[in-house]
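Asks: Questions regarding the structure given below will be posed in turn.
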Amino acid sequence: MNVEVCSSIKSVKYAFIYVYKGHDKQVVHIDQDGAEPIINEIKRYQDARYVSPPEAIWRIFSFALSQIHPFVMSLHLHLPNQQLVRFSDNDSMIDIVDREKDKSSMLTAFFDMNKMDEIARQYLYKEFPRYFTWNASKRCWKQRKKGEMRGRLVSANPAEGERYYLRVLLSHVRGPTCFEDLYMVNNVLHPTFRKAALERGLIETDDNLSQCLTEASLYQFPGTLRRLFATILIYCEPGDVRKLWDDHYNSLSEDYMRQCESVERVQTMVLMDISIILQSMGQHLNEFDLPMVNTNINLESGHYREVQEEYSIVVDDEHLCAKDSLNTDQKNAYDEIMTHVNQNRPGVFFIDGPGGTGKTYLYKALLAEVRSHGHIALATASSGAAANNMPEGRTSH
Ligand SMILES: Nc1ncnc2c1ncn2[C@@H]1O[C@H](COP(=O)(O)OP(=O)(O)OP(=O)(O)O)[C@@H](O)[C@H]1O
């Protein structure tokens with residue numbers, strides 16, 4: 001049995017990736033006899049997914065793939081009159097606009113409930129599903145009698161402007177009965193949610209931006225966080241960019257840190273990623289107070305980042321020496337496989353043996369040998385636990 005111990009919410013983020021990333025699959029390409037196939041191994045590796053027998057059985061029997069307890073409800077977030085409306089191709093535009101039902105959303109119904117019910121006013125929007133149930137057909141909230149539910153306000157990026165500040169306000173203001181209540185601070189009606197949030201002291205410092213990154217780092221992966229960081233630099237004008245960088249560097253570089261041992265190289269890779277995003281938005285890295293990119297580090301030798309990562313694997317001396325202590329069966333397999341590698345001949349080998357007979361030991365010796373010659377050896381397994389047994393092993397999906 002594989003047991004995963006999650007010690008922080010961040011570990012949970014990685015555990016859940018398997019639930020949400022979609023099922024495994026395999027891509028097969030059949031070439032015509034005699035035709036010289038064009039093989040792009042990297043693309044194949046990126047595209048190929050694999051349906052393992054346990055997963056196939058699990059799906060054939062329609063066993064549940066995941067379960068959530070307590071249920072989490074995602075709460076609508078929209079600006080005034082910008083709620084989502086559903087319609088079919090044949091509906092007339094006038095009917096769609098006039099349809100009373102569509103004027104009500106979870107958010108406006110939350111305002112309506114606050115108007116009617118004094119008790120409701122003590123809760124934040126995100127706390128609402130705990131005490132009220134959402135009736136989707138009648139578009140209204142009703143007092144909860146049983147069951148458990150948590151609310152999660154859908155995320156908003158600071159680059160979205162007003163929608164983001166509306167989210168900030170809804171996360172702090174209890175009992176609003178309409179959008180105007182959120183624009184209103186100390187009896188002054190402000191023209192924007194941003195101004196109202198500022199007046200309430202919710203966004204007066206970079207704390208707010210830092211909080212946004214901290215919150216995002218709980219469920220977003222480093223690539224998305226780097227995009228968010230670049231977006232913040234451009235649209236949110238943080239006062240102290242270097243502090244924001246220092247405080248969130250670990251989250252921004254989490255993936256590269258796992259793949260690469262050189263601290264300087266990791267930093268350069270993160271900065272280069274951010275630089276590319278900034279350039280796509282018309283700005284340059286050197287306009288911000290960020291560490292200098294070390295131009296001596298060449299990241300361009302491979303077209304694909306995956307190639308770069310594979311080349312940067314450091315081979316363990318112990319694994320390099322393993323080839324000298326293989327037993328006879330291991331040595332036979334090793335020689336056969338290495339002969340194919342050295343003569344550049346294709347081949348598929350199946351190594352079988354009872355538990356503890358040295359299969360992984362052999363893989364380590366093979367991986368070290370191939371990698372030490374500057375070649376790429378992809379170590380994959382169908383489960384995370386098995387992949388972890390091999391140096392730089394990965395789960396194949
Ligand atoms: N030729 C060898 N010389 C020294 N130690 C070895 C050799 N082959 C295997 N071992 C050791 O034996 C133990 C079991 O080997 P290994 O983990 O490779 O087995 P396995 O077949 O992969 O097992 P499982 O199927 O349970 O994963 C390990 O501690 C490994 O270091």
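Following the order of the structure tokens, first chain is A, next is B, and so on, with residues numbered from 1 inside each chain and ligands from 1 in the order they appear.
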Would you give me, as a compact mmCIF listing (two decimals) with C-alpha atoms, in the first residue's frame, the residues in stretch 120-253 of chain A that DSSP reads as strand (DSSP E or B)?
Replies:
# COMPACT_ATOMS: atom_id res chain seq x y z
CA PHE A 132 -27.41 28.48 4.16
CA THR A 133 -28.10 26.21 1.21
CA TRP A 134 -28.19 27.39 -2.38
CA ASN A 135 -31.34 26.56 -4.33
CA CYS A 140 -32.05 31.84 -3.60
CA TRP A 141 -30.38 30.93 -0.31
CA LYS A 142 -32.32 29.01 2.37
CA GLN A 143 -31.39 28.40 5.96
CA MET A 149 -20.60 22.69 3.29
CA ARG A 150 -17.72 25.12 2.92
CA GLY A 151 -17.64 28.10 0.61
CA ARG A 152 -14.74 29.13 -1.59
CA LEU A 153 -14.79 32.44 -3.42
CA MET A 184 -19.71 52.85 0.89
CA VAL A 185 -17.11 53.52 3.61
CA VAL A 188 -18.96 58.09 1.70
CA LEU A 189 -19.89 56.41 -1.57
Asks: Taking only residues of chain A that have an atom at most 7 Å from an atom of ligand 1, what is each one's shortest atom pair and its distance in Å to one decimal, using only C-alpha atoms and all ligand atoms, in chain and number order, as a Markdown table?
Replies:
| residue | atom | partner | partner_atom_place_in_ligand_line | distance |
| --- | --- | --- | --- | --- |
| A:Ser325 | CA | ligand 1 | 1 (N) | 5.1 |
| A:Leu326 | CA | ligand 1 | 1 (N) | 3.8 |
| A:Asn327 | CA | ligand 1 | 1 (N) | 4.8 |
| A:Gly353 | CA | ligand 1 | 21 (O) | 6.3 |
| A:Pro354 | CA | ligand 1 | 25 (O) | 6.0 |
| A:Gly355 | CA | ligand 1 | 25 (O) | 3.5 |
| A:Gly356 | CA | ligand 1 | 23 (O) | 3.4 |
| A:Thr357 | CA | ligand 1 | 21 (O) | 4.0 |
| A:Gly358 | CA | ligand 1 | 18 (O) | 3.2 |
| A:Lys359 | CA | ligand 1 | 21 (O) | 3.8 |
| A:Thr360 | CA | ligand 1 | 18 (O) | 3.5 |
| A:Tyr361 | CA | ligand 1 | 18 (O) | 3.7 |
| A:Leu362 | CA | ligand 1 | 18 (O) | 6.5 |
Asks: Select from stretch 232-267 of chain A everything DSSP, run on the backbone, classes as alpha helix (DSSP H), then give the selection as a compact mmCIF listing (two decimals) with N, CA, C and O atoms, in the first residue's frame.
Replies:
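Final output, selection.txt:
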# COMPACT_ATOMS: atom_id res chain seq x y z
N ILE A 232 1.60 41.13 -11.15
CA ILE A 232 1.59 42.07 -10.01
C ILE A 232 2.58 43.20 -10.27
O ILE A 232 2.30 44.37 -10.03
N LEU A 233 3.77 42.83 -10.79
CA LEU A 233 4.79 43.86 -11.05
C LEU A 233 4.24 44.92 -12.00
O LEU A 233 4.46 46.11 -11.82
N ILE A 234 3.52 44.47 -13.01
CA ILE A 234 3.06 45.40 -14.04
C ILE A 234 1.83 46.18 -13.62
O ILE A 234 1.76 47.39 -13.79
N TYR A 235 0.87 45.50 -13.04
CA TYR A 235 -0.42 46.17 -12.82
C TYR A 235 -0.64 46.69 -11.41
O TYR A 235 -1.53 47.49 -11.19
N VAL A 241 9.52 45.79 -4.44
CA VAL A 241 9.54 44.60 -5.30
C VAL A 241 10.49 43.54 -4.75
O VAL A 241 10.20 42.35 -4.74
N ARG A 242 11.67 44.01 -4.25
CA ARG A 242 12.68 43.05 -3.79
C ARG A 242 12.17 42.24 -2.60
O ARG A 242 12.42 41.06 -2.48
N LYS A 243 11.40 42.91 -1.73
CA LYS A 243 10.88 42.19 -0.55
C LYS A 243 9.85 41.14 -1.00
O LYS A 243 9.85 40.01 -0.52
N LEU A 244 9.02 41.54 -1.95
CA LEU A 244 8.02 40.62 -2.47
C LEU A 244 8.72 39.40 -3.08
O LEU A 244 8.31 38.26 -2.89
N TRP A 245 9.81 39.66 -3.83
CA TRP A 245 10.60 38.59 -4.45
C TRP A 245 11.20 37.68 -3.37
O TRP A 245 11.07 36.47 -3.42
N ASP A 246 11.84 38.32 -2.37
CA ASP A 246 12.49 37.53 -1.31
C ASP A 246 11.48 36.68 -0.55
O ASP A 246 11.71 35.51 -0.26
N ASP A 247 10.33 37.30 -0.23
CA ASP A 247 9.34 36.60 0.59
C ASP A 247 8.72 35.41 -0.15
O ASP A 247 8.27 34.45 0.49
N HIS A 248 8.66 35.48 -1.48
CA HIS A 248 7.93 34.42 -2.22
C HIS A 248 8.83 33.61 -3.12
O HIS A 248 8.35 32.80 -3.91
N TYR A 249 10.16 33.82 -2.97
CA TYR A 249 11.08 33.12 -3.87
C TYR A 249 10.90 31.61 -3.80
O TYR A 249 10.91 30.92 -4.83
N ASN A 250 10.71 31.09 -2.59
CA ASN A 250 10.58 29.63 -2.45
C ASN A 250 9.41 29.07 -3.25
O ASN A 250 9.54 28.05 -3.93
N SER A 251 8.27 29.76 -3.18
CA SER A 251 7.10 29.28 -3.93
C SER A 251 7.32 29.45 -5.43
O SER A 251 6.90 28.61 -6.23
N LEU A 252 7.99 30.55 -5.81
CA LEU A 252 8.19 30.83 -7.24
C LEU A 252 9.15 29.83 -7.88
O LEU A 252 9.13 29.62 -9.09
N SER A 253 10.02 29.25 -7.06
CA SER A 253 11.09 28.41 -7.64
C SER A 253 10.95 26.93 -7.25
O SER A 253 11.83 26.14 -7.53
N GLU A 254 9.85 26.60 -6.59
CA GLU A 254 9.68 25.25 -6.03
C GLU A 254 9.99 24.13 -7.04
O GLU A 254 10.69 23.17 -6.73
N ASP A 255 9.48 24.28 -8.26
CA ASP A 255 9.68 23.21 -9.25
C ASP A 255 11.14 23.12 -9.68
O ASP A 255 11.72 22.02 -9.74
N TYR A 256 11.77 24.27 -9.94
CA TYR A 256 13.17 24.25 -10.40
C TYR A 256 14.09 23.75 -9.29
O TYR A 256 15.08 23.09 -9.56
N MET A 257 13.76 24.09 -8.04
CA MET A 257 14.62 23.66 -6.93
C MET A 257 14.67 22.15 -6.83
O MET A 257 15.68 21.58 -6.45
N ARG A 258 13.53 21.53 -7.15
CA ARG A 258 13.50 20.07 -7.07
C ARG A 258 14.31 19.43 -8.19
O ARG A 258 14.83 18.34 -8.07
N GLN A 259 14.41 20.15 -9.32
CA GLN A 259 15.06 19.54 -10.49
C GLN A 259 16.54 19.86 -10.58
O GLN A 259 17.29 19.18 -11.27
N VAL A 263 21.95 26.66 -7.02
CA VAL A 263 21.10 27.74 -6.54
C VAL A 263 21.04 28.87 -7.57
O VAL A 263 19.99 29.45 -7.86
N GLU A 264 22.21 29.15 -8.15
CA GLU A 264 22.30 30.26 -9.10
C GLU A 264 21.50 29.96 -10.37
O GLU A 264 20.82 30.82 -10.92
N ARG A 265 21.58 28.70 -10.78
CA ARG A 265 20.88 28.30 -11.99
C ARG A 265 19.35 28.37 -11.79
O ARG A 265 18.62 28.84 -12.66
N VAL A 266 18.92 27.94 -10.59
CA VAL A 266 17.49 28.00 -10.28
C VAL A 266 17.01 29.44 -10.35
O VAL A 266 16.00 29.75 -11.00
N GLN A 267 17.77 30.34 -9.72
CA GLN A 267 17.37 31.74 -9.70
C GLN A 267 17.30 32.29 -11.13
O GLN A 267 16.37 33.02 -11.49
Asks: With only C-alpha atoms as the atoms that count, which of A:Arg139, A:Arg194, A:His76, A:Arg394 lies nearest to A:Tyr125?
Replies: A:His76
Asks: Have a look at atom CA of A:Gln283 and atom CA of A:Glu237 and let me know their distance in Å, one decimal.
Replies: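 Atom-to-atom, atom CA of A:Gln283 to atom CA of A:Glu237, that is 12.9 Å.
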Asks: Can you pull out the residues contacting A:Asn186? Cut-off 12 Å, using only C-alpha atoms, and skip same-chain residues under 6 positions away; I want them as number ranges by chain.
Replies: A: 196, 199-200
Asks: Just C-alpha atoms for this one: save the residues we selected as a PDB file, in the first residue's frame.
Replies:
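Final output, saved to result29.pdb:
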ATOM      1  CA  ALA A 196     -13.384  51.532  -1.131  1.00  0.00           C
ATOM      2  CA  GLU A 199     -10.359  53.497   2.436  1.00  0.00           C
ATOM      3  CA  ARG A 200     -11.053  50.420   4.501  1.00  0.00           C
TER       4      ARG A 200
END
Asks: As an exercise, work out the distance from atom CA of A:Lys195 to atom CA of A:Glu162 in Å and give it to one decimal place.
Replies: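 We find that atom CA of A:Lys195 and atom CA of A:Glu162 lie 9.7 Å from each other.
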